[in-house]
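Before any comments, here is the structure.
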Amino acid sequence: MKSQTAKQAFDAAPWTGRVRKYDIVKEATIAVVIVSMLVVLLSLIFSSPDDKQLTFRDWAKTNPTNFYATTVQELAGTSESAGYGPPYNNASAGLNVGPLWLQKWAGVTHPVDVPNDLVITPLTLSVLSAREASALATWKAATPDQQTTWATAYDTAIGDADGNYTAAAPGDYGPVPVLANALTNVAAQGSLDALLLAGGNFYSTDNTKQILFFGDGAYLDDAATAANLQGNTWGMMNETGRYPGQAWLWLYSIWYQIPPFINEESAPFGSNADAYIMFVVLGLTAGLMFAPLIPGLRSIPRVIPLHRKIWKSYYSEENIKRRK
Amino acid sequence: MTTQNLESETPTPEDSKMWTARLRNAWQRNLPIDKLLPDTQPAYVASWIYVFGVLTIAAFVDILISGLILAFAGPAWYHTSSLGLFVNSLHFWGVQLFFVFMVVHLWGKFWMAAWRGRRTATWITGMVAFLASIGTAFTGYLIQTNFDAQWIAFEAKDGFNAVGIGAFFTPTNIGQIMLIHVALLPLVLGVITVMHVLLVRKHGVVPPIDALPEIEA
């Protein structure tokens with residue numbers, strides 16, 4: 001114990017051994033110059049990634065069937081957004097880690113009324129044909145139960161037709177087919193992006209509704225798959241094209257690549273994988289941050305002597321053998 | 001001005017209790033100018049691993065400059081301008097190099113057990129800087145206003161929402177993320193980095209693990 005105390009005192013005391021010249025200002029200046037040159041060189045040679053943003057216009061024009069079906073899901077309340085839970089709505093309690101229901105406890109701070117905010121309000125703000133305006137009026141005049149009955153029946157019929165609404169069996173779907181067709185037209189004309197963003201107002205910087213709607217359909221998901229950006233292929237850590245991405249997120253992304261988390265929705269964590277992974281990463285990060293205070297962890301550099309490589313010349317010059 | 005007035009402004013022993021005097025004295029005691037701007041280093045500071053700290057700061061300087069230009073030009077500038085794309089590339093590669101340098105610096109310090117000798121705060125401020133850097137880079141990727149940003153916003157919201165953070169930190173709200181990326185996080189990172197460097201200068205570079213052979217570790 002006494003020798004350990006002496007060692008700590010030695011480590012903390014001002015250095016009294018041999019020194020060498022060191023020009024800190026010159027070193028910093030050279031570092032800035034060299035790194036700047038390197039940055040300019042890499043930029044000139046490789047440029048930077050910039051895959052064009054997706055739009056609702058492109059979605060509705062290139063895959064109107066999927067856009068149409070997604071619109072019906074939004075009206076029926078069967079989309080992912082409609083059943084998401086906090087912070088958007090109370091449709092579910094959200095994820096939990098054991099007794100910790102943090103998503104639920106944080107509450108609905110960003111309310112999104114999916115059928116109205118994503119479909120009905122944009123249609124209300126659009127110029128519609130007489131038939132479309134009539135369908136919208138019919139929807140608004142109906143009771144919530146009636147609305148749900150129409151939309152879910154149509155959603156089921158489209159699902160039975162493998163997502164192809166033109167092949168859906170005839171039924172009593174009320175104004176839903178006309179509304180879905182109307183929103184597809186509004187989107188194809190390029191109006192929906194702005195309608196979802198500003199909702200009829202001038203200013204807005206919140207893209208939440210757009211992102212939620214995008215996520216409910218296949219357009220964004222297919223593009224991410226094609227770009228190798230899905231969670232089980234290292235997800236956000238990747239970059240579009242052949243550029244390096246956020247490699248520093250590896251400690252987060254890695255858990256989605258290995259059991260049991262790779263099988264999202266399955267035991268033992270079920271749909272709570274996102275929450276568990278956040279806790280795991282938080283724990284590991286805290287471990288590294290407080291490594292100096294954790295017995296065992298703080299001794300690893302002594303046990304695995306990579307420091308003999310780092311200070312090889314000094315140890316050699318001073319003829320210092322490895323300590324046990 | 002009379003002689004009497006000059007005498008009345010001369011500091012007395014009681015003035016050492018002034019807050020300003022206390023701060024100045026504490027600074028001079030802990031970090032005299034020769035410690036802050038040294039012209040010698042211990043002989044063991046003789047490895048390439050030692051340059052990665054200053055390289056990280058150099059990359060940070062580059063990122064701040066290119067980021068400042070991007071901030072004035074707006075987030076969509078680089079989609080339509082070749083000059084904008086070049087400045088965006090400077091920002092992009094600056095960030096990539098910044099993290100390479102920082103991670104090498106971090107692991108180098110880990111294997112040196114650089115927290116020894118009352119340097120725990122130096123290690124922890126370095127780790128906080130690392131986390132702040134991850135947050136800054138992440139918010140930067142969210143404001144690219146391109147497909148990658150759309151996808152990252154969609155994916156990331158689930159992780160944050162899952163643990164309640166999404167209630168106040170919203171990856172899908174570009175207005176919020178833009179302010180956090182441009183105004184808040186660079187300031188946090190800059191302040192933490194200054195603290196980290198001052199602690200390094202105050203305590204000096206940690207001695208080699210086996211530098212005291214006559215005492216059992």
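Letters A, B, ... mark the chains of the structure tokens in the order given; residue numbers begin at 1 per chain; ligand numbers begin at 1, in order shown.
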Near chain B, which residues of chain A fall within 6 Å when you count only C-alpha atoms, and what do they look like as a PyMOL selection string?
-> chain A and resi 3-4+8+11-12+18-23+31-32+39+43+47-48+51-54+87+95+102-103+106+109+205-208+236+274-275+289+301+307+314+323
Mind the document's chain letters and residue numbers, and return as a PyMOL selection string the residues of segment 51-263 of chain A that DSSP labels alpha helix (DSSP H).
-> chain A and resi 56-62+64-76+102-106+114-115+121-124+130-141+144-160+176-188+192-198+208-216+219-226+250-253
Could you pull the residues within 8 Å of segment 114-121 of chain A, counting only C-alpha atoms, minus those fewer than 2 positions along the same chain, as a ChimeraX atom specification?
-> /A:71,74-77,81-82,112,123-125,136,183,196,199,209,213
